[in-house]
file target_7.cif (mmCIF, C-alpha atoms)
data_start
#
loop_
_atom_site.label_atom_id
_atom_site.label_comp_id
_atom_site.auth_asym_id
_atom_site.auth_seq_id
_atom_site.Cartn_x
_atom_site.Cartn_y
_atom_site.Cartn_z
CA MET O 1 0.00 0.00 0.00
CA ARG O 2 1.40 3.42 -0.99
CA PHE O 3 1.06 6.24 1.53
CA LEU O 4 3.12 8.91 -0.25
CA LEU O 5 1.21 11.75 -1.86
CA ASP O 6 1.57 12.19 -5.60
CA ALA O 7 2.67 15.42 -7.24
CA GLU O 8 -0.89 16.67 -7.77
CA GLN O 9 -1.84 16.05 -4.14
CA ARG O 10 1.31 17.79 -2.90
CA ALA O 11 0.58 20.75 -5.14
CA PHE O 12 -2.99 20.89 -3.79
CA ALA O 13 -1.67 20.94 -0.21
CA GLY O 14 0.86 23.62 -1.12
CA SER O 15 -1.76 25.84 -2.73
CA LEU O 16 -4.02 25.58 0.33
CA ASP O 17 -1.10 26.32 2.64
CA ALA O 18 -0.22 29.45 0.64
CA MET O 19 -3.82 30.66 0.53
CA LEU O 20 -4.38 30.12 4.26
CA THR O 21 -1.07 31.72 5.20
CA ALA O 22 -2.09 34.83 3.26
CA SER O 23 -5.53 34.82 4.93
CA ASP O 24 -4.20 35.55 8.47
CA THR O 25 -6.28 32.74 9.95
CA PRO O 26 -5.52 33.64 13.61
CA SER O 27 -7.44 36.89 13.09
CA VAL O 28 -10.25 34.97 11.38
CA VAL O 29 -10.42 32.55 14.34
CA ARG O 30 -10.61 35.39 16.85
CA ASP O 31 -13.41 37.08 14.88
CA TRP O 32 -15.29 33.79 14.70
CA SER O 33 -14.92 33.27 18.45
CA ARG O 34 -16.64 36.62 19.03
CA GLY O 35 -19.53 35.67 16.76
CA ASP O 36 -18.35 37.81 13.84
CA HIS O 37 -18.57 35.47 10.84
CA THR O 38 -17.69 37.97 8.09
CA SER O 39 -14.04 37.05 7.58
CA GLY O 40 -14.80 33.37 8.23
CA ARG O 41 -17.45 33.28 5.51
CA ALA O 42 -15.09 34.97 3.06
CA LEU O 43 -12.44 32.35 3.80
CA TRP O 44 -15.07 29.60 3.52
CA SER O 45 -15.97 30.82 0.04
CA ARG O 46 -12.32 30.71 -1.02
CA LEU O 47 -12.02 27.16 0.30
CA GLY O 48 -15.13 26.22 -1.66
CA ALA O 49 -13.68 27.75 -4.82
CA ALA O 50 -10.51 25.72 -4.22
CA GLY O 51 -12.61 22.55 -4.26
CA VAL O 52 -12.22 21.54 -0.61
CA PHE O 53 -15.88 20.80 0.10
CA GLY O 54 -16.52 19.38 -3.35
CA LEU O 55 -14.23 16.47 -2.45
CA ALA O 56 -17.04 15.02 -0.32
CA VAL O 57 -19.77 15.64 -2.92
CA PRO O 58 -20.44 13.35 -5.93
CA GLU O 59 -19.82 14.78 -9.39
CA GLU O 60 -23.50 14.49 -10.29
CA TYR O 61 -24.22 17.19 -7.69
CA ASP O 62 -21.47 19.58 -8.84
CA GLY O 63 -18.81 18.03 -6.62
CA LEU O 64 -15.42 16.49 -7.29
CA GLY O 65 -15.78 13.30 -5.30
CA PRO O 66 -16.08 11.34 -3.33
CA ARG O 67 -12.29 11.62 -2.90
CA PRO O 68 -11.39 10.82 0.72
CA VAL O 69 -7.61 10.88 0.21
CA GLU O 70 -7.66 14.40 -1.21
CA LEU O 71 -10.10 15.43 1.52
CA ALA O 72 -7.62 14.21 4.13
CA VAL O 73 -4.87 16.22 2.40
CA ALA O 74 -7.04 19.34 2.56
CA PHE O 75 -8.08 18.88 6.18
CA VAL O 76 -4.50 18.50 7.35
CA GLU O 77 -3.92 22.02 6.00
CA LEU O 78 -7.14 23.31 7.55
CA GLY O 79 -5.97 21.98 10.91
CA ARG O 80 -2.47 23.34 10.44
CA HIS O 81 -3.96 26.83 10.02
CA ALA O 82 -6.73 26.40 12.67
CA VAL O 83 -9.49 27.33 10.21
CA PRO O 84 -12.77 27.82 12.13
CA GLY O 85 -16.28 26.77 11.22
CA PRO O 86 -18.29 23.55 10.82
CA LEU O 87 -15.75 21.98 8.47
CA VAL O 88 -16.17 18.36 9.55
CA GLU O 89 -19.91 18.82 9.93
CA THR O 90 -20.29 20.07 6.35
CA VAL O 91 -18.49 16.96 5.12
CA THR O 92 -20.69 14.80 7.35
CA ALA O 93 -23.81 16.46 6.01
CA ALA O 94 -22.68 15.75 2.44
CA ALA O 95 -22.27 12.07 3.34
CA LEU O 96 -25.72 11.95 4.95
CA LEU O 97 -27.62 13.64 2.10
CA THR O 98 -27.83 10.73 -0.33
CA GLU O 99 -31.55 10.78 -1.16
CA PRO O 100 -31.95 12.31 -4.65
CA GLY O 101 -34.30 15.10 -3.57
CA PRO O 102 -32.31 16.45 -0.62
CA ALA O 103 -29.03 15.79 -2.44
CA LYS O 104 -30.07 17.93 -5.42
CA ARG O 105 -31.41 20.57 -3.05
CA PHE O 106 -28.39 20.96 -0.77
CA LEU O 107 -25.23 19.36 -2.16
CA PRO O 108 -24.38 21.87 -4.92
CA GLY O 109 -24.35 24.65 -2.33
CA LEU O 110 -22.17 22.63 0.02
CA ALA O 111 -19.74 21.79 -2.79
CA SER O 112 -19.33 25.40 -3.88
CA GLY O 113 -18.82 26.75 -0.38
CA GLY O 114 -21.95 28.86 -0.66
CA THR O 115 -23.61 26.89 2.14
CA MET O 116 -22.42 25.80 5.57
CA ALA O 117 -23.95 22.76 7.24
CA THR O 118 -23.88 21.38 10.75
CA VAL O 119 -25.07 18.13 12.28
CA ALA O 120 -26.31 17.13 15.73
CA ALA O 121 -25.49 13.47 16.31
CA SER O 122 -28.72 12.90 18.24
CA PRO O 123 -31.68 14.89 19.56
CA SER O 124 -30.79 13.80 23.10
CA THR O 125 -27.63 15.89 23.00
CA GLY O 126 -29.14 18.27 20.47
CA HIS O 127 -26.00 20.42 20.21
CA ALA O 128 -24.21 21.11 16.97
CA LEU O 129 -21.14 23.08 16.01
CA ASP O 130 -21.78 26.61 14.72
CA GLY O 131 -25.51 26.24 14.32
CA ASP O 132 -25.72 30.03 14.39
CA ALA O 133 -23.57 30.28 11.26
CA ALA O 134 -24.81 27.24 9.31
CA SER O 135 -27.84 27.55 7.05
CA VAL O 136 -28.31 23.76 6.78
CA ARG O 137 -28.82 22.26 10.25
CA LEU O 138 -29.33 18.51 10.40
CA VAL O 139 -30.41 16.34 13.33
CA LEU O 140 -30.10 12.55 13.46
CA ALA O 141 -33.46 11.83 15.08
CA PRO O 142 -34.89 8.38 15.99
CA ASP O 143 -37.02 8.37 12.82
CA GLY O 144 -34.25 9.53 10.48
CA LEU O 145 -32.47 12.63 9.27
CA ARG O 146 -34.34 15.86 9.92
CA LEU O 147 -33.76 19.47 8.98
CA SER O 148 -33.71 21.58 12.12
CA PRO O 149 -35.95 24.66 11.87
CA ALA O 150 -33.75 26.82 14.12
CA ALA O 151 -30.72 27.00 16.34
CA GLY O 152 -30.80 28.10 19.95
CA PRO O 153 -28.42 30.43 21.79
CA VAL O 154 -24.68 29.78 21.62
CA ARG O 155 -23.26 27.66 24.42
CA PRO O 156 -19.67 27.97 25.68
CA SER O 157 -17.12 25.43 24.48
CA LEU O 158 -13.61 24.43 25.49
CA ASP O 159 -12.43 25.87 22.17
CA PRO O 160 -13.86 29.41 21.86
CA ALA O 161 -13.91 29.03 18.06
CA ARG O 162 -16.11 25.91 18.31
CA ARG O 163 -19.44 27.55 19.08
CA LEU O 164 -22.09 25.03 20.19
CA THR O 165 -25.80 25.61 19.62
CA PRO O 166 -28.82 23.44 20.48
CA LEU O 167 -30.91 22.29 17.52
CA ALA O 168 -34.62 21.58 17.52
CA PRO O 169 -35.37 18.09 16.08
CA GLY O 170 -38.90 18.71 14.86
CA GLY O 171 -38.18 19.87 11.31
CA GLU O 172 -38.63 18.37 7.86
CA LEU O 173 -37.78 14.67 7.45
CA LEU O 174 -35.12 14.35 4.74
CA ALA O 175 -34.38 10.61 4.97
CA SER O 176 -35.85 7.80 7.05
CA ASP O 177 -32.76 5.59 6.73
CA PRO O 178 -29.71 7.83 6.31
CA PRO O 179 -26.26 6.21 5.84
CA VAL O 180 -25.12 6.97 9.39
CA GLU O 181 -22.09 4.65 9.51
CA HIS O 182 -20.86 5.92 6.16
CA ALA O 183 -21.21 9.53 7.28
CA LEU O 184 -19.55 8.80 10.61
CA ALA O 185 -16.51 7.37 8.80
CA TRP O 186 -16.19 10.60 6.81
CA ALA O 187 -16.58 12.68 9.98
CA ARG O 188 -13.87 10.76 11.78
CA LEU O 189 -11.52 10.86 8.80
CA ALA O 190 -11.86 14.64 8.51
CA THR O 191 -11.42 15.04 12.27
CA ALA O 192 -8.29 12.87 12.24
CA ALA O 193 -6.78 14.86 9.37
CA GLN O 194 -7.59 18.15 11.07
CA ALA O 195 -6.02 16.89 14.32
CA LEU O 196 -2.85 15.86 12.48
CA GLY O 197 -2.57 19.35 11.03
CA VAL O 198 -3.12 20.89 14.47
CA GLY O 199 -0.37 18.70 15.91
CA LEU O 200 2.05 19.63 13.12
CA ALA O 201 1.37 23.34 13.69
CA LEU O 202 1.94 23.00 17.43
CA LEU O 203 5.19 21.13 16.84
CA GLY O 204 6.46 23.69 14.32
CA ARG O 205 5.65 26.63 16.58
CA THR O 206 7.27 24.95 19.56
CA VAL O 207 10.45 24.12 17.68
CA ALA O 208 10.71 27.77 16.62
CA HIS O 209 10.11 28.89 20.21
CA VAL O 210 12.77 26.68 21.82
CA ARG O 211 15.33 27.92 19.30
CA GLN O 212 14.73 31.50 20.45
CA ARG O 213 14.07 31.16 24.18
CA THR O 214 17.26 31.03 26.22
CA GLN O 215 18.24 29.86 29.69
CA PHE O 216 21.75 29.98 31.14
CA GLY O 217 22.81 31.82 28.00
CA VAL O 218 21.83 29.09 25.50
CA PRO O 219 18.63 28.20 23.60
CA ILE O 220 16.50 25.75 25.56
CA GLY O 221 16.22 23.69 22.38
CA SER O 222 19.79 22.57 23.00
CA PHE O 223 18.78 20.77 26.21
CA GLN O 224 18.57 17.01 25.87
CA ALA O 225 15.26 16.74 27.73
CA VAL O 226 13.65 19.28 25.38
CA LYS O 227 14.97 17.43 22.34
CA HIS O 228 13.50 14.17 23.63
CA ARG O 229 10.06 15.71 24.20
CA LEU O 230 9.98 17.17 20.71
CA ALA O 231 11.28 13.94 19.15
CA ASP O 232 8.50 11.99 20.89
CA ALA O 233 5.91 14.42 19.56
CA ARG O 234 7.31 14.24 16.03
CA THR O 235 7.37 10.43 16.12
CA ALA O 236 3.74 10.21 17.28
CA LEU O 237 2.58 12.55 14.53
CA GLU O 238 4.55 10.72 11.85
CA PHE O 239 3.10 7.39 12.94
CA ALA O 240 -0.39 8.88 12.66
CA ARG O 241 0.15 10.00 9.06
CA PRO O 242 0.16 6.54 7.35
CA LEU O 243 -2.82 5.46 9.47
CA LEU O 244 -4.72 8.51 8.23
CA PHE O 245 -4.02 7.98 4.55
CA GLY O 246 -4.42 4.22 4.85
CA ALA O 247 -7.89 4.80 6.32
CA ALA O 248 -8.68 7.25 3.51
CA LEU O 249 -7.93 4.49 1.00
CA THR O 250 -10.12 1.83 2.66
CA MET O 251 -12.74 3.97 4.46
CA HIS O 252 -13.36 0.96 6.70
CA PRO O 253 -14.88 2.08 10.04
CA ALA O 254 -12.21 0.32 12.11
CA ASP O 255 -9.39 1.80 10.02
CA VAL O 256 -10.86 5.28 10.32
CA ALA O 257 -11.35 4.86 14.08
CA ALA O 258 -7.69 3.81 14.41
CA ALA O 259 -6.58 6.86 12.43
CA LYS O 260 -8.71 9.20 14.53
CA LEU O 261 -7.45 7.65 17.76
CA LYS O 262 -3.79 7.92 16.79
CA ALA O 263 -3.98 11.39 15.20
CA CYS O 264 -6.00 12.95 18.00
CA GLU O 265 -3.87 11.40 20.75
CA ALA O 266 -0.69 12.52 18.97
CA ALA O 267 -2.04 16.06 18.61
CA TYR O 268 -3.13 16.13 22.25
CA ALA O 269 0.28 14.90 23.44
CA THR O 270 1.98 17.50 21.24
CA ALA O 271 -0.26 20.19 22.75
CA ARG O 272 0.84 19.19 26.24
CA THR O 273 4.48 19.32 25.18
CA ALA O 274 3.97 22.69 23.49
CA LEU O 275 2.33 24.13 26.58
CA GLN O 276 5.10 22.90 28.87
CA LEU O 277 7.92 24.18 26.67
CA HIS O 278 6.33 27.57 26.12
CA GLY O 279 5.86 28.10 29.84
CA ALA O 280 3.41 30.67 31.22
CA ILE O 281 2.94 32.46 27.89
CA GLY O 282 1.32 29.30 26.50
CA TYR O 283 -1.61 29.74 28.90
CA THR O 284 -2.58 33.19 27.64
CA ALA O 285 -5.51 33.51 25.28
CA GLU O 286 -3.82 36.46 23.57
CA TYR O 287 -0.94 34.27 22.40
CA ASP O 288 -1.73 32.52 19.11
CA LEU O 289 -0.58 29.13 20.40
CA SER O 290 -3.83 28.91 22.38
CA LEU O 291 -5.82 28.66 19.13
CA TRP O 292 -4.23 25.27 18.43
CA LEU O 293 -4.04 24.10 22.06
CA THR O 294 -7.79 24.31 22.57
CA ARG O 295 -8.49 22.82 19.15
CA ALA O 296 -6.35 19.76 19.90
CA ARG O 297 -8.30 19.12 23.10
CA ALA O 298 -11.69 19.60 21.44
CA LEU O 299 -10.97 17.37 18.45
CA ARG O 300 -9.88 14.55 20.76
CA THR O 301 -13.50 13.87 21.77
CA ALA O 302 -15.30 15.10 18.63
CA TRP O 303 -17.14 12.35 16.71
CA GLY O 304 -16.02 9.62 19.11
CA GLY O 305 -13.58 9.81 22.00
CA PRO O 306 -10.49 7.65 22.58
CA ASP O 307 -12.32 4.85 24.40
CA GLU O 308 -15.00 4.56 21.73
CA CYS O 309 -12.43 4.51 18.94
CA ARG O 310 -10.44 1.80 20.73
CA ASP O 311 -13.60 -0.29 21.04
CA LEU O 312 -14.29 0.14 17.33
CA VAL O 313 -10.77 -0.93 16.41
CA LEU O 314 -10.99 -4.01 18.61
CA SER O 315 -14.43 -4.97 17.32
CA GLY O 316 -13.55 -4.18 13.71
CA GLY O 317 -16.84 -2.35 13.19
CA GLY O 318 -18.52 0.97 13.76
CA ARG O 319 -21.50 2.58 15.41
CA LEU O 320 -22.81 6.07 16.05
CA GLY O 321 -21.23 7.69 19.12
#
call {"tool": "encode", "arguments": {"input": "target_7.cif", "output": "structure tokens"}}
result
Amino acid sequence: MRFLLDAEQRAFAGSLDAMLTASDTPSVVRDWSRGDHTSGRALWSRLGAAGVFGLAVPEEYDGLGPRPVELAVAFVELGRHAVPGPLVETVTAAALLTEPGPAKRFLPGLASGGTMATVAASPSTGHALDGDAASVRLVLAPDGLRLSPAAGPVRPSLDPARRLTPLAPGGELLASDPPVEHALAWARLATAAQALGVGLALLGRTVAHVRQRTQFGVPIGSFQAVKHRLADARTALEFARPLLFGAALTMHPADVAAAKLKACEAAYATARTALQLHGAIGYTAEYDLSLWLTRARALRTAWGGPDECRDLVLSGGGRLG
């Protein structure tokens, strides 16, 4: 099995990296956290024009996919730049909307980036990411997939940029038997890729920091203990990479669960290392590192926590978490 990206995939990643670097995503994240979606929507439109969301949408509905490997490539870059918004949820919605009527109605907008979608995994929890920004709000109710008529007030979240809103389940029924396991695999793949990108960003920022911060007249990056911590973080992230792209090739629920488990745990461990090596400045919300620290923690439990993913790997199957 080949895990190396081809030239076209590397060029796609490079173009996204350049676009997001020029977009000053930390400022976009801070605006989004305050409830100002203007810059976030503009960035979302550029991502749609670049084909990011179309990778989860079939060609018959104006998409480019389904292309899970390229989607994983894109979401690594989205995580690396901490792009806010219901990114995973839009992909999940595209995987859920398979009935011809709803698919024709919603998927072209999702593919183009003109529409944001969010999903509540069940009416019992009833909370979805960025329901105040999304125009397509889906709820997995006991009788099928429903369109939520409205979103409630924003609830606080560990990651200020991940704004949670309660969804009402009593809206239009879109599908009585939606492909939940299929959609969950896409959600977990996108989450794993995003987490890998978050971990890589944290590692890169920490390496740059320890080269500049000095103690006893030398950079702290020259200390053996610091080198070991960073080497452990790099190793964990590099081991997660082939699991991610292997899962993108098979899209088997157990493979995707393994990729999510490894990528999210590696990102979380890297976040802990980054926080320790940055010292007190790492705790401040004003310092950009915090944008990735909180994201790593939030993604760890999104769409299935570590224990659930381990169970799925051991059982070789999948279920809705």
call {"tool": "atom_distance", "arguments": {"input": "target_7.cif", "atom1": "CA of Arg163 (chain O)", "atom2": "CA of Trp32 (chain O)"}}
result
8.7 Å
call {"tool": "residues_near_point", "arguments": {"input": "target_7.cif", "point": "(-32.9, 26.3, 20.5)", "cutoff": "8 Å", "atoms": "only C-alpha atoms", "output": "list in words"}}
result
Ala150, Ala151, Gly152, Pro153, Thr165, Pro166, Leu167 and Ala168 of chain O
call {"tool": "resolve_selection", "arguments": {"input": "target_7.cif", "expression": "the PyMOL selection byres ((chain O and resi 289) around 10)", "output": "list in words"}}
result
Pro26, Ala201, Leu202, Arg205, Thr206, Ala271, Ala274, Leu275, His278, Ile281, Gly282, Tyr283, Thr284, Ala285, Glu286, Tyr287, Asp288, Ser290, Leu291, Trp292, Leu293 and Thr294 of chain O
call {"tool": "resolve_selection", "arguments": {"input": "target_7.cif", "expression": "the PyMOL selection byres ((chain O and resi 112) around 9)", "output": "number ranges by chain"}}
result
O: 45, 47-54, 62-63, 107-111, 113-115
call {"tool": "atom_distance", "arguments": {"input": "target_7.cif", "atom1": "CA of Leu312 (chain O)", "atom2": "CA of Glu181 (chain O)"}}
result
11.9 Å
call {"tool": "atom_distance", "arguments": {"input": "target_7.cif", "atom1": "CA of Leu5 (chain O)", "atom2": "CA of Arg67 (chain O)"}}
result
13.5 Å
call {"tool": "residues_around", "arguments": {"input": "target_7.cif", "residues": "Leu237 (chain O)", "least_positions_apart": "5", "cutoff": "7 Å", "atoms": "only C-alpha atoms", "output": "JSON list (two decimals) with C-alpha atoms, keeping the file's coordinate frame"}}
result
[["chain", "number", "residue", "atom", "x", "y", "z"],
["O", 196, "LEU", "CA", -2.85, 15.86, 12.48],
["O", 199, "GLY", "CA", -0.37, 18.70, 15.91],
["O", 263, "ALA", "CA", -3.98, 11.39, 15.20],
["O", 266, "ALA", "CA", -0.69, 12.52, 18.97]]
call {"tool": "decode", "arguments": {"input": "target_7.cif", "residues": "region 243-282 of chain O", "atoms": "N, CA and C atoms", "output": "PDB file, in the first residue's frame"}}
result
ATOM      1  N   LEU O 243      -1.505   5.958   9.051  1.00  0.00           N
ATOM      2  CA  LEU O 243      -2.817   5.458   9.467  1.00  0.00           C
ATOM      3  C   LEU O 243      -3.924   6.304   8.852  1.00  0.00           C
ATOM      4  N   LEU O 244      -3.712   7.616   8.809  1.00  0.00           N
ATOM      5  CA  LEU O 244      -4.715   8.511   8.230  1.00  0.00           C
ATOM      6  C   LEU O 244      -4.934   8.211   6.757  1.00  0.00           C
ATOM      7  N   PHE O 245      -3.856   8.161   5.988  1.00  0.00           N
ATOM      8  CA  PHE O 245      -4.021   7.977   4.549  1.00  0.00           C
ATOM      9  C   PHE O 245      -4.372   6.531   4.198  1.00  0.00           C
ATOM     10  N   GLY O 246      -3.963   5.590   5.043  1.00  0.00           N
ATOM     11  CA  GLY O 246      -4.424   4.216   4.845  1.00  0.00           C
ATOM     12  C   GLY O 246      -5.929   4.114   5.044  1.00  0.00           C
ATOM     13  N   ALA O 247      -6.441   4.790   6.075  1.00  0.00           N
ATOM     14  CA  ALA O 247      -7.886   4.795   6.321  1.00  0.00           C
ATOM     15  C   ALA O 247      -8.630   5.487   5.187  1.00  0.00           C
ATOM     16  N   ALA O 248      -8.040   6.549   4.629  1.00  0.00           N
ATOM     17  CA  ALA O 248      -8.681   7.248   3.514  1.00  0.00           C
ATOM     18  C   ALA O 248      -8.801   6.343   2.287  1.00  0.00           C
ATOM     19  N   LEU O 249      -7.865   5.415   2.135  1.00  0.00           N
ATOM     20  CA  LEU O 249      -7.927   4.488   1.004  1.00  0.00           C
ATOM     21  C   LEU O 249      -9.001   3.420   1.194  1.00  0.00           C
ATOM     22  N   THR O 250      -9.155   2.922   2.427  1.00  0.00           N
ATOM     23  CA  THR O 250     -10.116   1.830   2.658  1.00  0.00           C
ATOM     24  C   THR O 250     -11.487   2.336   3.088  1.00  0.00           C
ATOM     25  N   MET O 251     -11.521   3.420   3.846  1.00  0.00           N
ATOM     26  CA  MET O 251     -12.741   3.972   4.462  1.00  0.00           C
ATOM     27  C   MET O 251     -13.485   2.921   5.279  1.00  0.00           C
ATOM     28  N   HIS O 252     -12.755   1.938   5.802  1.00  0.00           N
ATOM     29  CA  HIS O 252     -13.360   0.959   6.704  1.00  0.00           C
ATOM     30  C   HIS O 252     -13.514   1.608   8.079  1.00  0.00           C
ATOM     31  N   PRO O 253     -14.660   1.428   8.748  1.00  0.00           N
ATOM     32  CA  PRO O 253     -14.882   2.082  10.038  1.00  0.00           C
ATOM     33  C   PRO O 253     -13.786   1.837  11.062  1.00  0.00           C
ATOM     34  N   ALA O 254     -13.268   0.616  11.135  1.00  0.00           N
ATOM     35  CA  ALA O 254     -12.215   0.319  12.106  1.00  0.00           C
ATOM     36  C   ALA O 254     -10.917   1.029  11.747  1.00  0.00           C
ATOM     37  N   ASP O 255     -10.599   1.098  10.458  1.00  0.00           N
ATOM     38  CA  ASP O 255      -9.392   1.801  10.023  1.00  0.00           C
ATOM     39  C   ASP O 255      -9.490   3.293  10.330  1.00  0.00           C
ATOM     40  N   VAL O 256     -10.668   3.854  10.072  1.00  0.00           N
ATOM     41  CA  VAL O 256     -10.862   5.279  10.321  1.00  0.00           C
ATOM     42  C   VAL O 256     -10.815   5.568  11.822  1.00  0.00           C
ATOM     43  N   ALA O 257     -11.404   4.679  12.624  1.00  0.00           N
ATOM     44  CA  ALA O 257     -11.350   4.856  14.079  1.00  0.00           C
ATOM     45  C   ALA O 257      -9.912   4.808  14.579  1.00  0.00           C
ATOM     46  N   ALA O 258      -9.103   3.901  14.020  1.00  0.00           N
ATOM     47  CA  ALA O 258      -7.693   3.813  14.413  1.00  0.00           C
ATOM     48  C   ALA O 258      -6.954   5.093  14.043  1.00  0.00           C
ATOM     49  N   ALA O 259      -7.232   5.623  12.864  1.00  0.00           N
ATOM     50  CA  ALA O 259      -6.581   6.861  12.431  1.00  0.00           C
ATOM     51  C   ALA O 259      -6.976   8.022  13.324  1.00  0.00           C
ATOM     52  N   LYS O 260      -8.265   8.103  13.657  1.00  0.00           N
ATOM     53  CA  LYS O 260      -8.710   9.196  14.530  1.00  0.00           C
ATOM     54  C   LYS O 260      -8.080   9.078  15.911  1.00  0.00           C
ATOM     55  N   LEU O 261      -8.050   7.865  16.444  1.00  0.00           N
ATOM     56  CA  LEU O 261      -7.454   7.652  17.759  1.00  0.00           C
ATOM     57  C   LEU O 261      -5.999   8.099  17.769  1.00  0.00           C
ATOM     58  N   LYS O 262      -5.233   7.638  16.803  1.00  0.00           N
ATOM     59  CA  LYS O 262      -3.793   7.923  16.787  1.00  0.00           C
ATOM     60  C   LYS O 262      -3.533   9.402  16.514  1.00  0.00           C
ATOM     61  N   ALA O 263      -4.226   9.993  15.549  1.00  0.00           N
ATOM     62  CA  ALA O 263      -3.976  11.390  15.196  1.00  0.00           C
ATOM     63  C   ALA O 263      -4.379  12.327  16.332  1.00  0.00           C
ATOM     64  N   CYS O 264      -5.536  12.064  16.934  1.00  0.00           N
ATOM     65  CA  CYS O 264      -6.004  12.947  18.002  1.00  0.00           C
ATOM     66  C   CYS O 264      -5.151  12.807  19.258  1.00  0.00           C
ATOM     67  N   GLU O 265      -4.730  11.587  19.584  1.00  0.00           N
ATOM     68  CA  GLU O 265      -3.865  11.402  20.749  1.00  0.00           C
ATOM     69  C   GLU O 265      -2.495  12.022  20.503  1.00  0.00           C
ATOM     70  N   ALA O 266      -1.987  11.904  19.286  1.00  0.00           N
ATOM     71  CA  ALA O 266      -0.690  12.521  18.967  1.00  0.00           C
ATOM     72  C   ALA O 266      -0.777  14.041  19.051  1.00  0.00           C
ATOM     73  N   ALA O 267      -1.869  14.610  18.541  1.00  0.00           N
ATOM     74  CA  ALA O 267      -2.038  16.062  18.605  1.00  0.00           C
ATOM     75  C   ALA O 267      -2.184  16.527  20.051  1.00  0.00           C
ATOM     76  N   TYR O 268      -2.930  15.764  20.848  1.00  0.00           N
ATOM     77  CA  TYR O 268      -3.126  16.135  22.250  1.00  0.00           C
ATOM     78  C   TYR O 268      -1.806  16.064  23.018  1.00  0.00           C
ATOM     79  N   ALA O 269      -1.026  15.020  22.787  1.00  0.00           N
ATOM     80  CA  ALA O 269       0.279  14.900  23.444  1.00  0.00           C
ATOM     81  C   ALA O 269       1.213  16.029  23.010  1.00  0.00           C
ATOM     82  N   THR O 270       1.153  16.387  21.736  1.00  0.00           N
ATOM     83  CA  THR O 270       1.978  17.495  21.242  1.00  0.00           C
ATOM     84  C   THR O 270       1.547  18.807  21.877  1.00  0.00           C
ATOM     85  N   ALA O 271       0.244  18.982  22.090  1.00  0.00           N
ATOM     86  CA  ALA O 271      -0.259  20.190  22.747  1.00  0.00           C
ATOM     87  C   ALA O 271       0.274  20.292  24.174  1.00  0.00           C
ATOM     88  N   ARG O 272       0.314  19.179  24.877  1.00  0.00           N
ATOM     89  CA  ARG O 272       0.845  19.188  26.243  1.00  0.00           C
ATOM     90  C   ARG O 272       2.337  19.546  26.249  1.00  0.00           C
ATOM     91  N   THR O 273       3.064  18.988  25.289  1.00  0.00           N
ATOM     92  CA  THR O 273       4.484  19.321  25.180  1.00  0.00           C
ATOM     93  C   THR O 273       4.676  20.795  24.830  1.00  0.00           C
ATOM     94  N   ALA O 274       3.869  21.286  23.895  1.00  0.00           N
ATOM     95  CA  ALA O 274       3.973  22.691  23.489  1.00  0.00           C
ATOM     96  C   ALA O 274       3.694  23.621  24.665  1.00  0.00           C
ATOM     97  N   LEU O 275       2.689  23.293  25.438  1.00  0.00           N
ATOM     98  CA  LEU O 275       2.334  24.126  26.584  1.00  0.00           C
ATOM     99  C   LEU O 275       3.456  24.141  27.620  1.00  0.00           C
ATOM    100  N   GLN O 276       4.021  22.974  27.884  1.00  0.00           N
ATOM    101  CA  GLN O 276       5.097  22.899  28.867  1.00  0.00           C
ATOM    102  C   GLN O 276       6.328  23.681  28.413  1.00  0.00           C
ATOM    103  N   LEU O 277       6.694  23.550  27.145  1.00  0.00           N
ATOM    104  CA  LEU O 277       7.924  24.179  26.668  1.00  0.00           C
ATOM    105  C   LEU O 277       7.766  25.679  26.426  1.00  0.00           C
ATOM    106  N   HIS O 278       6.541  26.132  26.245  1.00  0.00           N
ATOM    107  CA  HIS O 278       6.325  27.575  26.118  1.00  0.00           C
ATOM    108  C   HIS O 278       6.276  28.250  27.489  1.00  0.00           C
ATOM    109  N   GLY O 279       5.953  27.501  28.525  1.00  0.00           N
ATOM    110  CA  GLY O 279       5.862  28.104  29.841  1.00  0.00           C
ATOM    111  C   GLY O 279       4.585  28.914  29.995  1.00  0.00           C
ATOM    112  N   ALA O 280       4.617  29.923  30.854  1.00  0.00           N
ATOM    113  CA  ALA O 280       3.410  30.671  31.221  1.00  0.00           C
ATOM    114  C   ALA O 280       2.744  31.344  30.024  1.00  0.00           C
ATOM    115  N   ILE O 281       3.535  31.763  29.038  1.00  0.00           N
ATOM    116  CA  ILE O 281       2.945  32.458  27.889  1.00  0.00           C
ATOM    117  C   ILE O 281       1.977  31.552  27.136  1.00  0.00           C
ATOM    118  N   GLY O 282       2.199  30.233  27.200  1.00  0.00           N
ATOM    119  CA  GLY O 282       1.322  29.300  26.504  1.00  0.00           C
ATOM    120  C   GLY O 282      -0.089  29.277  27.040  1.00  0.00           C
TER     121      GLY O 282
END
